[in-house]
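With mmCIF, C-alpha atoms and all ligand atoms inside, this is upload.cif:
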data_run
#
loop_
_atom_site.label_atom_id
_atom_site.label_comp_id
_atom_site.auth_asym_id
_atom_site.auth_seq_id
_atom_site.Cartn_x
_atom_site.Cartn_y
_atom_site.Cartn_z
CA MET A 1 -54.42 -10.25 -24.76
CA PHE A 2 -52.93 -13.18 -22.91
CA PHE A 3 -49.99 -13.36 -25.27
CA LYS A 4 -49.41 -9.66 -25.01
CA ARG A 5 -49.33 -9.87 -21.25
CA PHE A 6 -47.16 -12.97 -21.43
CA THR A 7 -44.69 -11.14 -23.67
CA VAL A 8 -44.52 -8.22 -21.24
CA VAL A 9 -43.93 -10.59 -18.33
CA LEU A 10 -41.25 -12.41 -20.28
CA MET A 11 -39.51 -9.13 -21.09
CA VAL A 12 -39.60 -8.05 -17.45
CA VAL A 13 -38.12 -11.37 -16.39
CA LEU A 14 -35.46 -11.09 -19.06
CA LEU A 15 -34.60 -7.54 -18.03
CA ALA A 16 -34.44 -8.57 -14.39
CA ALA A 17 -32.14 -11.42 -15.32
CA LEU A 18 -29.97 -9.03 -17.29
CA THR A 19 -29.78 -6.67 -14.33
CA VAL A 20 -29.04 -9.32 -11.73
CA ASN A 21 -26.60 -11.23 -13.86
CA ALA A 22 -25.21 -8.26 -15.70
CA ARG A 23 -21.63 -9.49 -15.46
CA GLN A 24 -22.65 -12.50 -17.48
CA ILE A 25 -23.91 -10.46 -20.44
CA ASP A 26 -21.90 -11.58 -23.38
CA VAL A 27 -21.08 -8.29 -25.09
CA SER A 28 -19.22 -10.12 -27.82
CA ARG A 29 -22.64 -11.20 -29.12
CA MET A 30 -24.00 -7.65 -29.04
CA THR A 31 -23.86 -5.34 -32.04
CA GLU A 32 -22.22 -1.93 -31.62
CA ASP A 33 -25.70 -0.33 -31.59
CA GLN A 34 -26.84 -2.69 -28.85
CA ILE A 35 -23.77 -1.94 -26.74
CA VAL A 36 -24.36 1.80 -27.04
CA ALA A 37 -28.10 1.46 -26.29
CA TYR A 38 -27.36 -0.68 -23.24
CA ALA A 39 -24.66 1.75 -22.06
CA LYS A 40 -27.05 4.69 -22.51
CA ARG A 41 -29.60 3.07 -20.25
CA ILE A 42 -27.01 2.54 -17.53
CA HIS A 43 -25.57 6.04 -18.03
CA GLU A 44 -29.01 7.62 -17.54
CA LYS A 45 -29.66 5.58 -14.43
CA ALA A 46 -26.26 6.25 -12.84
CA LEU A 47 -25.51 9.33 -10.77
CA THR A 48 -22.50 10.56 -12.75
CA LEU A 49 -19.98 12.64 -10.83
CA ASP A 50 -16.60 14.11 -11.73
CA THR A 51 -14.48 15.05 -8.73
CA HIS A 52 -12.04 17.44 -10.36
CA VAL A 53 -12.66 20.31 -12.74
CA ASP A 54 -10.65 23.53 -12.79
CA ILE A 55 -12.06 27.00 -13.24
CA PRO A 56 -10.30 30.22 -14.20
CA GLY A 57 -9.93 32.87 -11.49
CA GLY A 58 -12.43 35.51 -10.48
CA SER A 59 -13.60 35.98 -14.09
CA TYR A 60 -15.41 32.63 -14.05
CA ALA A 61 -19.21 32.94 -14.07
CA THR A 62 -19.25 36.41 -15.60
CA PRO A 63 -20.57 37.32 -19.07
CA ALA A 64 -16.99 37.00 -20.36
CA ARG A 65 -16.70 33.41 -19.09
CA ASP A 66 -20.25 32.18 -18.96
CA PRO A 67 -20.56 28.46 -18.03
CA GLY A 68 -24.16 28.43 -19.26
CA SER A 69 -23.32 29.57 -22.77
CA GLU A 70 -22.86 27.31 -25.79
CA ASP A 71 -20.04 29.64 -26.86
CA TYR A 72 -17.95 29.32 -23.71
CA ARG A 73 -14.94 27.31 -24.80
CA ALA A 74 -14.34 25.19 -21.71
CA LYS A 75 -14.47 21.39 -21.36
CA CYS A 76 -16.90 21.67 -18.48
CA THR A 77 -19.94 23.87 -19.15
CA LEU A 78 -23.59 23.43 -18.25
CA PRO A 79 -24.57 22.67 -21.89
CA LYS A 80 -21.79 20.07 -22.21
CA MET A 81 -22.77 18.44 -18.89
CA GLU A 82 -26.41 18.36 -19.97
CA LYS A 83 -25.53 16.88 -23.35
CA GLY A 84 -23.21 14.24 -21.88
CA GLY A 85 -25.52 13.22 -19.04
CA LEU A 86 -22.97 14.33 -16.46
CA ASP A 87 -24.87 15.04 -13.23
CA GLY A 88 -22.33 16.75 -11.02
CA VAL A 89 -18.85 18.20 -10.69
CA PHE A 90 -16.53 19.31 -7.96
CA LEU A 91 -15.19 22.67 -9.09
CA ALA A 92 -11.68 23.23 -7.78
CA VAL A 93 -10.78 26.32 -5.80
CA PHE A 94 -7.24 25.97 -7.12
CA VAL A 95 -4.35 28.03 -5.79
CA GLY A 96 -0.83 27.48 -7.15
CA GLN A 97 1.96 27.07 -4.65
CA GLY A 98 3.88 30.20 -3.64
CA ALA A 99 6.17 31.22 -0.79
CA LEU A 100 5.43 29.83 2.67
CA ASP A 101 5.26 33.25 4.34
CA GLU A 102 2.65 35.78 5.50
CA GLU A 103 2.42 37.55 2.17
CA GLY A 104 2.16 34.28 0.26
CA TYR A 105 -0.64 33.02 2.53
CA ARG A 106 -2.51 36.34 2.22
CA ASN A 107 -2.35 36.26 -1.58
CA ALA A 108 -3.39 32.59 -1.66
CA TYR A 109 -6.34 33.33 0.62
CA GLU A 110 -7.51 36.18 -1.60
CA SER A 111 -7.14 34.10 -4.73
CA ALA A 112 -9.21 31.33 -3.09
CA MET A 113 -11.91 33.83 -2.08
CA GLY A 114 -12.20 34.98 -5.71
CA LYS A 115 -12.91 31.41 -6.80
CA PHE A 116 -15.41 30.73 -4.00
CA ASP A 117 -17.24 33.90 -5.09
CA ALA A 118 -17.23 32.71 -8.70
CA VAL A 119 -18.78 29.32 -7.83
CA HIS A 120 -21.40 30.93 -5.56
CA ARG A 121 -22.18 33.42 -8.34
CA LEU A 122 -22.75 30.51 -10.75
CA THR A 123 -25.15 28.58 -8.53
CA GLY A 124 -26.73 31.44 -6.58
CA PHE A 125 -27.21 34.20 -9.14
CA MET A 126 -26.36 33.18 -12.69
CA TYR A 127 -28.07 29.81 -13.15
CA PRO A 128 -30.03 28.84 -10.02
CA GLU A 129 -32.57 27.13 -12.28
CA ARG A 130 -29.91 24.99 -14.01
CA CYS A 131 -27.50 24.10 -11.20
CA GLU A 132 -27.24 24.06 -7.42
CA LEU A 133 -24.51 23.83 -4.81
CA ALA A 134 -24.50 20.59 -2.81
CA VAL A 135 -22.69 20.17 0.50
CA THR A 136 -23.93 16.70 1.49
CA PRO A 137 -24.38 13.41 -0.40
CA ASP A 138 -28.13 13.61 0.32
CA GLU A 139 -28.23 17.01 -1.38
CA VAL A 140 -26.32 15.60 -4.36
CA GLU A 141 -29.00 12.95 -4.84
CA ARG A 142 -31.88 15.36 -4.29
CA ILE A 143 -30.55 17.96 -6.77
CA ALA A 144 -29.72 15.37 -9.42
CA LYS A 145 -33.32 14.09 -9.26
CA THR A 146 -34.60 17.59 -10.14
CA GLY A 147 -32.60 17.48 -13.38
CA LYS A 148 -30.32 20.33 -12.33
CA ARG A 149 -26.54 19.96 -12.46
CA VAL A 150 -24.92 19.41 -9.07
CA ILE A 151 -22.03 21.72 -8.20
CA MET A 152 -19.68 20.85 -5.34
CA ILE A 153 -16.49 22.51 -4.11
CA GLY A 154 -13.02 21.13 -3.43
CA ILE A 155 -9.94 23.22 -2.63
CA GLU A 156 -6.90 22.22 -4.65
CA ASN A 157 -3.99 22.94 -2.42
CA GLY A 158 -4.37 23.64 1.30
CA TYR A 159 -1.98 26.59 0.88
CA PRO A 160 -4.69 29.30 1.41
CA ILE A 161 -5.37 27.91 4.90
CA GLY A 162 -2.06 29.58 5.78
CA MET A 163 -1.07 28.90 9.39
CA ASP A 164 -4.58 29.69 10.65
CA LEU A 165 -6.42 26.48 11.57
CA SER A 166 -9.75 28.35 11.85
CA ASN A 167 -9.70 28.86 8.07
CA VAL A 168 -10.51 25.16 7.65
CA GLU A 169 -13.94 25.66 9.26
CA TRP A 170 -14.44 28.91 7.35
CA PHE A 171 -13.77 27.13 4.05
CA TYR A 172 -16.11 24.32 5.16
CA LYS A 173 -18.86 26.91 5.70
CA LEU A 174 -18.24 28.21 2.17
CA GLY A 175 -19.03 24.71 0.88
CA THR A 176 -15.64 22.96 0.74
CA ARG A 177 -15.95 19.20 1.01
CA TYR A 178 -12.45 18.11 0.04
CA ILE A 179 -9.02 19.67 0.28
CA THR A 180 -6.07 18.51 -1.85
CA LEU A 181 -3.27 18.78 0.69
CA SER A 182 -0.70 20.18 -1.77
CA HIS A 183 -0.22 21.03 -5.43
CA SER A 184 3.02 20.55 -7.34
CA GLY A 185 5.13 22.40 -4.74
CA HIS A 186 5.52 21.71 -1.01
CA SER A 187 2.76 23.31 1.07
CA GLN A 188 2.82 24.18 4.77
CA ILE A 189 0.74 21.00 5.23
CA CYS A 190 2.88 18.38 3.50
CA ASP A 191 5.47 17.53 0.88
CA SER A 192 4.36 17.40 -2.73
CA SER A 193 5.32 14.74 -5.28
CA GLY A 194 6.67 17.58 -7.46
CA PRO A 195 10.07 18.63 -6.04
CA ARG A 196 12.90 16.14 -5.71
CA GLU A 197 14.01 17.31 -2.25
CA PRO A 198 11.56 16.95 0.67
CA LEU A 199 10.76 19.88 2.98
CA HIS A 200 8.94 18.27 5.92
CA ASN A 201 9.76 14.66 5.09
CA GLY A 202 6.03 13.89 4.68
CA MET A 203 3.37 15.75 6.62
CA SER A 204 4.22 18.72 8.81
CA GLU A 205 3.01 18.95 12.43
CA PHE A 206 0.65 21.72 11.34
CA GLY A 207 -0.54 19.53 8.47
CA LYS A 208 -1.51 16.81 10.93
CA GLN A 209 -3.63 19.37 12.83
CA VAL A 210 -5.27 20.39 9.54
CA VAL A 211 -6.21 16.76 8.83
CA ALA A 212 -7.60 16.33 12.36
CA GLU A 213 -9.72 19.44 11.79
CA MET A 214 -10.87 18.14 8.40
CA ASN A 215 -11.84 14.83 10.03
CA ARG A 216 -13.79 16.71 12.71
CA LEU A 217 -15.66 18.86 10.18
CA GLY A 218 -16.28 16.23 7.50
CA ILE A 219 -13.95 17.42 4.75
CA MET A 220 -12.41 14.67 2.62
CA ALA A 221 -8.59 14.61 2.50
CA ASP A 222 -7.37 14.47 -1.11
CA VAL A 223 -3.98 12.90 -1.86
CA SER A 224 -3.63 13.82 -5.55
CA HIS A 225 -0.26 15.65 -5.96
CA ILE A 226 1.13 14.80 -2.49
CA ALA A 227 4.45 12.98 -1.98
CA GLU A 228 4.45 9.28 -1.23
CA LYS A 229 5.79 9.84 2.29
CA SER A 230 3.00 12.38 2.93
CA TYR A 231 0.54 9.73 1.76
CA TRP A 232 1.76 7.14 4.26
CA ASP A 233 1.75 9.72 7.06
CA LEU A 234 -1.84 10.63 6.18
CA ILE A 235 -3.00 6.99 6.04
CA GLU A 236 -1.62 6.58 9.55
CA ILE A 237 -3.27 9.62 11.14
CA THR A 238 -6.61 10.03 9.33
CA LYS A 239 -9.72 8.83 11.11
CA ALA A 240 -11.79 8.87 7.91
CA PRO A 241 -11.47 7.42 4.40
CA ILE A 242 -9.38 9.46 1.94
CA ILE A 243 -9.76 10.26 -1.74
CA ALA A 244 -7.46 10.84 -4.70
CA SER A 245 -9.62 13.36 -6.58
CA HIS A 246 -7.66 13.09 -9.86
CA SER A 247 -4.86 10.49 -10.07
CA GLY A 248 -3.74 7.58 -12.23
CA CYS A 249 -2.00 4.25 -11.64
CA ARG A 250 1.80 4.28 -11.32
CA ALA A 251 2.01 0.65 -12.50
CA LEU A 252 0.76 1.79 -15.93
CA THR A 253 2.31 5.27 -16.10
CA ASP A 254 5.38 5.89 -14.00
CA VAL A 255 4.97 9.48 -12.81
CA GLY A 256 5.28 10.50 -9.14
CA ARG A 257 1.76 11.96 -9.28
CA ASN A 258 0.20 8.50 -9.73
CA LEU A 259 -0.48 5.94 -7.01
CA THR A 260 1.57 2.74 -6.72
CA ASP A 261 -0.15 -0.60 -6.23
CA ASP A 262 0.88 -0.53 -2.56
CA GLN A 263 -0.79 2.84 -2.19
CA LEU A 264 -3.90 1.53 -3.95
CA ARG A 265 -4.09 -1.46 -1.62
CA ALA A 266 -3.77 0.85 1.40
CA LEU A 267 -6.50 3.07 -0.08
CA ALA A 268 -8.85 0.08 -0.28
CA LYS A 269 -8.05 -0.88 3.31
CA ASN A 270 -8.72 2.71 4.38
CA GLY A 271 -12.10 2.57 2.62
CA GLY A 272 -11.22 5.42 0.25
CA VAL A 273 -11.49 5.95 -3.48
CA ILE A 274 -9.20 6.84 -6.40
CA GLN A 275 -10.88 8.99 -9.05
CA ILE A 276 -9.04 8.32 -12.30
CA VAL A 277 -7.60 11.43 -13.96
CA ALA A 278 -8.05 12.03 -17.71
CA LEU A 279 -4.77 13.90 -18.22
CA ALA A 280 -2.72 12.28 -20.98
CA ASP A 281 0.70 12.66 -19.31
CA TYR A 282 -0.56 10.65 -16.32
CA LEU A 283 -2.14 7.94 -18.48
CA ARG A 284 0.24 7.46 -21.37
CA LYS A 285 1.56 4.04 -22.19
CA VAL A 286 4.84 3.70 -24.01
CA THR A 287 6.05 0.78 -26.09
CA PRO A 288 9.15 -0.45 -24.21
CA GLY A 289 12.28 1.03 -25.78
CA ARG A 290 10.51 3.91 -27.56
CA ASP A 291 11.44 6.74 -25.16
CA GLU A 292 15.05 5.55 -25.04
CA ALA A 293 15.27 5.35 -28.84
CA ILE A 294 13.92 8.90 -29.22
CA GLU A 295 16.31 10.25 -26.59
CA ALA A 296 19.25 8.57 -28.37
CA LEU A 297 18.13 10.08 -31.68
CA ASN A 298 17.85 13.55 -30.12
CA ALA A 299 21.33 13.20 -28.65
CA GLU A 300 22.68 12.15 -32.05
CA PHE A 301 21.38 15.42 -33.52
CA ASN A 302 22.56 17.47 -30.52
CA LEU A 303 18.99 18.31 -29.53
CA PRO A 304 17.99 18.98 -25.92
CA ALA A 305 16.37 16.14 -23.94
CA GLY A 306 12.63 15.72 -23.46
CA ARG A 307 9.98 17.98 -24.91
CA ALA A 308 12.36 20.84 -25.69
CA ALA A 309 13.68 18.74 -28.60
CA ARG A 310 10.54 19.41 -30.63
CA ARG A 311 11.10 23.16 -30.67
CA ALA A 312 14.83 22.79 -31.32
CA LEU A 313 14.02 20.84 -34.49
CA GLN A 314 13.30 24.14 -36.23
CA GLU A 315 16.99 25.02 -35.91
CA LEU A 316 18.06 22.05 -38.06
CA THR A 317 18.93 22.50 -41.75
CA GLU A 318 16.45 21.09 -44.24
CA GLU A 319 18.78 18.23 -45.04
CA LYS A 320 19.36 17.36 -41.38
CA LEU A 321 15.64 17.57 -40.66
CA ALA A 322 14.84 15.11 -43.46
CA GLU A 323 17.45 12.75 -42.05
CA TYR A 324 15.97 13.14 -38.55
CA ASN A 325 12.42 12.49 -39.79
CA ALA A 326 13.49 9.36 -41.65
CA LYS A 327 15.09 7.96 -38.51
CA MET A 328 12.01 8.90 -36.47
CA GLU A 329 9.87 6.95 -38.91
CA GLU A 330 12.05 3.90 -38.28
CA ILE A 331 11.49 4.34 -34.55
CA ASN A 332 7.72 4.66 -35.10
CA GLU A 333 7.77 1.39 -36.97
CA LYS A 334 9.90 -0.48 -34.48
CA TYR A 335 8.34 1.01 -31.33
CA PRO A 336 4.83 2.17 -32.32
CA GLU A 337 3.27 5.09 -30.53
CA ILE A 338 0.27 4.14 -28.37
CA PRO A 339 -2.41 6.85 -28.61
CA THR A 340 -3.67 8.02 -25.22
CA ASP A 341 -7.43 7.86 -25.69
CA VAL A 342 -10.57 6.82 -23.82
CA LYS A 343 -9.46 3.17 -24.05
CA VAL A 344 -6.19 3.93 -22.27
CA TYR A 345 -8.23 5.95 -19.77
CA VAL A 346 -10.34 2.89 -19.00
CA ASP A 347 -7.14 0.78 -18.78
CA HIS A 348 -6.33 2.81 -15.65
CA ILE A 349 -9.83 2.17 -14.27
CA ASP A 350 -9.32 -1.55 -15.01
CA HIS A 351 -5.99 -1.62 -13.23
CA ALA A 352 -7.27 0.22 -10.16
CA VAL A 353 -10.26 -2.15 -9.99
CA GLU A 354 -7.95 -5.14 -10.33
CA VAL A 355 -5.84 -3.98 -7.35
CA THR A 356 -8.52 -2.48 -5.06
CA GLY A 357 -11.74 -4.21 -6.09
CA ILE A 358 -14.79 -2.48 -7.55
CA ASN A 359 -15.60 -0.31 -4.49
CA HIS A 360 -12.65 2.09 -4.59
CA VAL A 361 -12.52 3.56 -8.10
CA GLY A 362 -14.21 6.59 -9.68
CA ILE A 363 -13.75 9.45 -12.14
CA GLY A 364 -11.98 12.81 -11.72
CA THR A 365 -11.07 14.30 -15.10
CA ASP A 366 -9.04 17.47 -14.41
CA PHE A 367 -10.93 19.08 -17.32
CA ASP A 368 -9.91 22.71 -17.82
CA GLY A 369 -6.76 21.94 -15.84
CA GLY A 370 -5.00 19.89 -18.52
CA GLY A 371 -7.34 16.88 -18.56
CA GLY A 372 -9.01 15.42 -21.65
CA VAL A 373 -8.10 12.65 -24.11
CA PRO A 374 -9.58 11.75 -27.52
CA GLY A 375 -12.95 10.17 -26.85
CA PHE A 376 -13.23 11.79 -23.41
CA ASN A 377 -12.20 15.34 -24.07
CA ASP A 378 -15.10 17.19 -22.45
CA HIS A 379 -18.27 16.39 -20.52
CA SER A 380 -20.39 16.03 -23.65
CA GLU A 381 -18.41 12.80 -24.28
CA ALA A 382 -19.01 11.23 -20.86
CA LEU A 383 -21.11 8.41 -22.35
CA ASN A 384 -18.03 7.07 -24.17
CA VAL A 385 -16.55 6.01 -20.82
CA THR A 386 -19.69 4.05 -19.99
CA VAL A 387 -19.69 2.44 -23.44
CA GLU A 388 -16.08 1.34 -22.97
CA LEU A 389 -16.88 -0.03 -19.49
CA VAL A 390 -19.81 -2.01 -20.92
CA ARG A 391 -17.60 -3.28 -23.71
CA ARG A 392 -15.19 -4.64 -21.09
CA GLY A 393 -17.93 -6.49 -19.25
CA TYR A 394 -18.57 -4.19 -16.30
CA SER A 395 -22.06 -4.68 -14.89
CA GLU A 396 -24.64 -1.97 -14.35
CA GLU A 397 -23.96 -2.14 -10.62
CA ASP A 398 -20.20 -1.77 -11.18
CA ILE A 399 -20.65 1.21 -13.49
CA ILE A 400 -22.98 2.99 -11.07
CA LYS A 401 -20.32 2.59 -8.38
CA ILE A 402 -17.55 3.93 -10.63
CA TRP A 403 -19.56 6.93 -11.84
CA GLY A 404 -20.37 8.23 -8.34
CA GLY A 405 -21.61 5.50 -6.01
CA ASN A 406 -18.18 4.89 -4.52
CA LEU A 407 -17.48 8.59 -4.01
CA LEU A 408 -20.82 9.13 -2.25
CA ARG A 409 -20.16 6.14 0.00
CA VAL A 410 -16.79 7.60 1.03
CA TRP A 411 -18.31 11.05 1.55
CA ARG A 412 -21.07 9.59 3.77
CA GLU A 413 -18.47 7.72 5.81
CA VAL A 414 -16.46 10.94 6.24
CA GLU A 415 -19.66 12.66 7.44
CA LYS A 416 -20.32 9.83 9.87
CA VAL A 417 -16.80 9.99 11.32
CA ALA A 418 -17.19 13.78 11.74
CA ALA A 419 -20.51 13.36 13.56
CA GLU A 420 -18.93 10.83 15.91
CA LEU A 421 -15.90 13.03 16.57
CA GLN A 422 -18.14 16.04 17.26
CA LYS A 423 -20.27 13.95 19.64
CA GLY A 424 -17.07 12.88 21.41
CA ASP A 425 -16.00 16.54 21.73
CA LYS A 426 -19.18 17.41 23.54
CA ASN A 427 -18.78 14.62 26.13
ZN ZN B 501 -4.27 18.93 -10.03
#
Give the structure from this file in C-alpha cells form.
Ligand SMILES: [Zn+2]
Amino acid sequence: MFFKRFTVVLMVVLLAALTVNARQIDVSRMTEDQIVAYAKRIHEKALTLDTHVDIPGGSYATPARDPGSEDYRAKCTLPKMEKGGLDGVFLAVFVGQGALDEEGYRNAYESAMGKFDAVHRLTGFMYPERCELAVTPDEVERIAKTGKRVIMIGIENGYPIGMDLSNVEWFYKLGTRYITLSHSGHSQICDSSGPREPLHNGMSEFGKQVVAEMNRLGIMADVSHIAEKSYWDLIEITKAPIIASHSGCRALTDVGRNLTDDQLRALAKNGGVIQIVALADYLRKVTPGRDEAIEALNAEFNLPAGRAARRALQELTEEKLAEYNAKMEEINEKYPEIPTDVKVYVDHIDHAVEVTGINHVGIGTDFDGGGGVPGFNDHSEALNVTVELVRRGYSEEDIIKIWGGNLLRVWREVEKVAAELQKGDKN
C-alpha cells in the first residue's frame, strides 16, 4: 500500500516537474511514440483555434454543402474538427474586391449577408448540438468545455461596409469580431498588397474612421492582405492590438502578403498576434538559384515565364520535351526542391516566435481558401502541428499560447479597449 502510494506521489511529482520545466524535456531521448503521446496530451488540454477558414457562398450549410457530413469534401468540417481535436474556427465572410462604387458596395453587402446567413444557419438550425457561435473569449472557453465546436465570424475584406460607417456596428451585431481591411485589391478602407500602384497611399480617411469604429465596438483589425504602408498607418492610429489572421513571414518567403521582421517587431510592440497561414505559396522555401535556373531554362525553350510555362510544355515536340526534362533533372539535382509541408509550416512559426517572442504567434490556416500543406492539409491533421512543435522543444505552455491562448489574450484586450472607449463616450 505504502509503495503504491509512494509510486503515485512520485509520478505526480515527476509530471509536475515535466510541466513546470517543459522546455527542458529532452525530446531527443524520447521515442516517436512517446513524442506523439506527449503531444496528444498537450493537444487535448489546449484550446485549439484557427482564425481563418473560407466558406463557399450562400450554399454553405445546406444539404448540398453540409459541414456536418462525412461526405462533404471541405478541409474544415465538423467531423474533421472533431477528429483532429480542433476546438474552434473563425469562418470568413469573404467578399472579393470589386468596383468602388454604389453598385459594387451593394453587391458586396448582399454577398456578405448570404455568408452571415449561412454561418447562422449552421450554428442556429443545422447543428446547434454540435457547434455554437461565440462572440466573446469567455463564450469561446465556455462552449469548448461543453465539447461543441466553437464557430466565430471574421469578415475578409471591409469592402461590404461600403461608405456607410453604421454597417460596422450592424456587422458587429451579426457576430463579426475581426475585419480584414482589404483583400487582394484596394478597398475603400486601404491599399492592398496586391496591386503594384497605390490608390490611397496607405489608409484612406474613411478607413481611419472604420478603424476607430472597430476600436470602439471591439472588432479586431486584421492586416492580412493589406499593403505595407496601410499597415504602418494602422499601427499608428489603432487604439487596440491588431491581428494578422492568416499571414506568413517575409524573411522566409518573399511575397508582399507576408510580414517583414520590422512589421513583426511592431506587431509585438502593439500587443497583437500573427496567425501563421498554411498556404504553400506563402510558405515555400526555395534553394537559392533554383527559380533563376528554371526561368533561364524556360527562356531557352521559348516558354512563358512563371507558372504558365507548365501548360506551354504540352506544345513542345516529343524530342524537345525529352531534352527539357533532362535539363530539369539537372536543375533538380543541383538546386533540390524543398517540399512545402508541415515542417516548413512550423518553420514560419519558429521564425515569428524568434522575432516577436512566444506571445504573438498563432494559427490561421486559410483552409478552403487555398490553405493546406502535406501533413496539415485539413483539420483532422491538426495534431501534426503540435507533434512538430513538441519535436522542436516547445513547452506545453508555449503550445497552448500558439494554439489559441495568444489570440484570446488579444481579443480580450480589444474588448477592454472598447469598454474604455465606450465609457469615455458617455462622459
Ligand atoms: Zn485571404
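The shortest atom-to-atom distance to His186 of chain A, with all atoms listed in the file taken into account, belongs to A:Gln97 out of A:Arg142, A:Glu236, A:Glu70, A:Gln97.
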### Task
Write as a PyMOL selection string the residues around ligand ZN 501 (chain B), taking 9 Å as the cut-off and counting all atoms listed in the file.
chain A and resi 52-54+92+94+156-157+180+183-184+224-225+245-247+366+369-370
Now that the selection is made, can you save its residues with C-alpha atoms as a tab-separated table (two decimals), in the frame of the given file?
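Okay, out-v6.tsv is ready:
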chain	number	residue	atom	x	y	z
A	52	HIS	CA	-12.04	17.44	-10.36
A	53	VAL	CA	-12.66	20.31	-12.74
A	54	ASP	CA	-10.65	23.53	-12.79
A	92	ALA	CA	-11.68	23.23	-7.78
A	94	PHE	CA	-7.24	25.97	-7.12
A	156	GLU	CA	-6.90	22.22	-4.65
A	157	ASN	CA	-3.99	22.94	-2.42
A	180	THR	CA	-6.07	18.51	-1.85
A	183	HIS	CA	-0.22	21.03	-5.43
A	184	SER	CA	3.02	20.55	-7.34
A	224	SER	CA	-3.63	13.82	-5.55
A	225	HIS	CA	-0.26	15.65	-5.96
A	245	SER	CA	-9.62	13.36	-6.58
A	246	HIS	CA	-7.66	13.09	-9.86
A	247	SER	CA	-4.86	10.49	-10.07
A	366	ASP	CA	-9.04	17.47	-14.41
A	369	GLY	CA	-6.76	21.94	-15.84
A	370	GLY	CA	-5.00	19.89	-18.52
Can you check which parts of segment 90-192 of chain A lie within 10 Å of segment 26-50 of chain A? Per residue, the shortest pair of atoms and distance in Å to one decimal, counting all atoms listed in the file, sorted by chain and number, as JSON lines.
{"residue": "A:Phe90", "atom": "CA", "partner": "A:Asp50", "partner_atom": "CA", "distance": 6.4}
{"residue": "A:Leu91", "atom": "CA", "partner": "A:Asp50", "partner_atom": "CA", "distance": 9.1}
{"residue": "A:Val140", "atom": "CA", "partner": "A:Leu47", "partner_atom": "CA", "distance": 9.0}
{"residue": "A:Glu141", "atom": "CA", "partner": "A:Leu47", "partner_atom": "CA", "distance": 7.8}
{"residue": "A:Ala144", "atom": "CA", "partner": "A:Leu47", "partner_atom": "CA", "distance": 7.5}
{"residue": "A:Lys145", "atom": "CA", "partner": "A:Leu47", "partner_atom": "CA", "distance": 9.3}
{"residue": "A:Arg149", "atom": "CA", "partner": "A:Leu49", "partner_atom": "CA", "distance": 10.0}
{"residue": "A:Val150", "atom": "CA", "partner": "A:Leu49", "partner_atom": "CA", "distance": 8.6}
{"residue": "A:Ile151", "atom": "CA", "partner": "A:Leu49", "partner_atom": "CA", "distance": 9.7}
{"residue": "A:Met152", "atom": "CA", "partner": "A:Asp50", "partner_atom": "CA", "distance": 9.8}
### Query
How many Å separate atom CA of Val342 of chain A from atom CA of Pro374 of chain A?
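Separating atom CA of Val342 of chain A from atom CA of Pro374 of chain A is a distance of 6.2 Å.
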### Summary
Between atom CA of Glu295 of chain A and atom CA of Glu323 of chain A lies a distance of 15.7 Å
#### Entry: Interatomic distance (Å, one decimal) between atom CA of Pro241 of chain A and atom CA of Gly256 of chain A
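Separating atom CA of Pro241 of chain A from atom CA of Gly256 of chain A is a distance of 21.8 Å.
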### Query
With all atoms listed in the file as the atoms that count, which of A:Ile243, A:Leu297, A:Ile235, A:Ile179 lies nearest to Leu313 of chain A?
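Looking only at the distances to Leu313 of chain A, the closest residue turns out to be A:Leu297.
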### Top pick for closest residue to Phe116 of chain A, considering A:Leu217, A:Ala244, A:Leu174, A:Met81 and counting all atoms listed in the file
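Of A:Leu217, A:Ala244, A:Leu174, A:Met81, the one nearest Phe116 of chain A is A:Leu174, counting all atoms listed in the file.
Across A:Leu283, A:Leu181, A:Val210, A:Val385, the tightest approach to His348 of chain A is made by A:Leu283 when counting only C-alpha atoms.
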Taking the partial coordinates given, rebuild segment 396-405 of chain A to contain N, CA and C atoms; return it as a CSV table (one decimal), keeping the file's coordinate frame.
chain,number,residue,atom,x,y,z
A,396,GLU,N,-23.9,-3.2,-14.7
A,396,GLU,CA,-24.6,-2.0,-14.4
A,396,GLU,C,-24.3,-1.5,-12.9
A,397,GLU,N,-24.3,-2.5,-12.0
A,397,GLU,CA,-24.0,-2.1,-10.6
A,397,GLU,C,-22.5,-1.6,-10.5
A,398,ASP,N,-21.6,-2.2,-11.2
A,398,ASP,CA,-20.2,-1.8,-11.2
A,398,ASP,C,-20.1,-0.3,-11.7
A,399,ILE,N,-20.8,-0.1,-12.8
A,399,ILE,CA,-20.6,1.2,-13.5
A,399,ILE,C,-21.3,2.3,-12.6
A,400,ILE,N,-22.3,2.0,-12.0
A,400,ILE,CA,-23.0,3.0,-11.1
A,400,ILE,C,-22.0,3.3,-9.9
A,401,LYS,N,-21.3,2.3,-9.4
A,401,LYS,CA,-20.3,2.6,-8.4
A,401,LYS,C,-19.2,3.5,-8.9
A,402,ILE,N,-18.7,3.2,-10.1
A,402,ILE,CA,-17.6,3.9,-10.6
A,402,ILE,C,-18.0,5.4,-10.9
A,403,TRP,N,-19.2,5.6,-11.4
A,403,TRP,CA,-19.6,6.9,-11.8
A,403,TRP,C,-20.0,7.8,-10.7
A,404,GLY,N,-20.0,7.3,-9.4
A,404,GLY,CA,-20.4,8.2,-8.3
A,404,GLY,C,-20.7,7.5,-7.1
A,405,GLY,N,-21.2,6.3,-7.2
A,405,GLY,CA,-21.6,5.5,-6.0
A,405,GLY,C,-20.5,5.4,-5.0
